[in-house]
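**Q** Have a look at this one.
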Amino acid sequence: MSELGLLDTNGILRQPWVAAERTSAGLGWESQYLSVQRERPYGASFAAARTHLVILHLDGPVTVRRGQGRLSRSRQIPAGGLFIHPAGRDLTVELGGPLSTVHLYLTDDLLQDVADVDRPVLLAEELGTSDRLLEQLVLSMDEALRGWEPTARTYVDQLSSMVAAQLVRQHGSAPAGKAAADGRSGGGLGDRQFAAVRSVMEERLADPVPLAELAATAGLSVSQFSRQFKARTGQAPHRFLLGLRVDHACRLLRTGTTPIAEIALRCGFSHQEHLTRVMRAHLDTTPGALRRGS
């Protein structure tokens, strides 16, 4: 699948009154596109996009109006407020003041996967809603973007699946959303499935590993795989993979003289400082200290 990008959005971000600060363009994100920007007041209509849109207000309050004529409605939205627009629907919106926002666009395929349906997922058109979990998930995606490391690909995919599940569960406008709300988890991965997935992880320690690839290895959808992997291991896939990377780095540090910077790259860390930061957080030590103590 190709990267999701600006052309897959409804056009707001291509307007002259929007000044982007950072985006996920060029990072290879396939099911999500994230952009953080400063917007000036405007009023405009936009054609439907194939992606669902979540806008998080980073400051405010500011008055926003959506819709046209007698069907329009407006609301003063504070910082933390959310604007949700479903895929496949035109949008008319008016922004009453300057505003900093995070825009997150998600493919409907991602929502169908977590809802376990093979038809489009319908979301409600929401204006200024409050959802603390969704807010924190969007902020976590922006945090991952700020300090982007290619090896965080599995983590971002996991966050996107969690966003999709929350949208389906709390903001769906049709019974399709109920499926994910029921949280059908089933059992954990079988022995063969887990062995195959772990083998891929261990062979790809130095590379970004998309969640979709791990799910395909187990013969499951992404949402099924995430649930069953955690049921089997007690950890989300990205946390388990990070543990494998740290364990392998520790073995190399204890048993050889390979430079620490090279070990970091072999084990999927972007540079020596990245490895040091992770080891300090997880093991309360550093690569240098571990090597000296071996």
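Ligands are numbered from 1 in the order shown, residues from 1 within each chain, and chains are lettered A, B, ... in the order they appear in the structure tokens.
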Name the residues in contact with segment 134-150 of chain A at a cut-off of 9 Å, using only C-alpha atoms, excluding same-chain residues fewer than 5 positions from it; report them as a ChimeraX atom specification.
**A** /A:22-24,27,34-36,54,56,80-82,102-104,155-156,159-160,162-163,166-167,207-208,268-270,274
**Q** Using DSSP on the backbone coordinates, identify the residues of segment 93-288 of chain A assigned to strand (DSSP E or B); present them as an MDAnalysis selection string.
**A** chainID A and resid 93:95 99:107 123 126:129 172
**Q** Show which residues sit within 7 Å of segment 44-46 of chain A, as a compact mmCIF listing (two decimals) with N, CA and C atoms, in the first residue's frame. Count only C-alpha atoms, and ignore same-chain residues fewer than 3 positions away.
**A**
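Now in part-v1.txt:
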```
# COMPACT_ATOMS: atom_id res chain seq x y z
N ASN A 10 -9.37 16.13 2.65
CA ASN A 10 -10.49 16.84 2.02
C ASN A 10 -10.11 18.22 1.49
N GLY A 11 -8.88 18.64 1.63
CA GLY A 11 -8.44 19.89 1.03
C GLY A 11 -8.20 21.04 1.98
N ASP A 90 -19.31 15.62 2.00
CA ASP A 90 -18.83 16.98 1.80
C ASP A 90 -18.81 17.73 3.13
N LEU A 91 -18.01 18.78 3.19
CA LEU A 91 -17.87 19.53 4.44
C LEU A 91 -17.93 21.03 4.17
N THR A 92 -18.79 21.72 4.89
CA THR A 92 -18.81 23.17 4.89
C THR A 92 -18.50 23.62 6.32
N VAL A 93 -17.49 24.48 6.47
CA VAL A 93 -17.06 24.84 7.81
C VAL A 93 -16.60 26.30 7.83
N GLU A 94 -16.79 26.93 8.96
CA GLU A 94 -16.35 28.31 9.16
C GLU A 94 -15.62 28.40 10.48
```
**Q** For Arg239 of chain A, please output as an MDAnalysis selection string all residues within 12 Å (counting only C-alpha atoms; exclusion window: fewer than 5 positions along the same chain).
**A** chainID A and resid 151:156 158 201 226 229:230 233:234 244:246 278 282
**Q** Under the rule that only C-alpha atoms are counted, which of A:Val222, A:Ala215, A:Val209, A:Ala25 is the nearest residue to Ser2 of chain A?
**A**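 Of A:Val222, A:Ala215, A:Val209, A:Ala25, the one nearest Ser2 of chain A is A:Ala25, counting only C-alpha atoms.
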**Q** Skipping near chain neighbours, those fewer than 3 positions away, what residues fall within 8 Å of Val114 of chain A using only C-alpha atoms, listed as a list in words?
**A**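 So, after excluding close chain neighbours, the residues are Leu110, Leu111, Ser161, Ala164, Ala165, Val168, Ala180, Val222, Ser223 and Gln224 of chain A.
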**Q** Please identify which residues in segment 69-195 of chain A DSSP calls alpha helix (DSSP H) from the backbone, and express them as a ChimeraX atom specification.
**A** /A:108-115,132-146,153-171,176-181,191-195
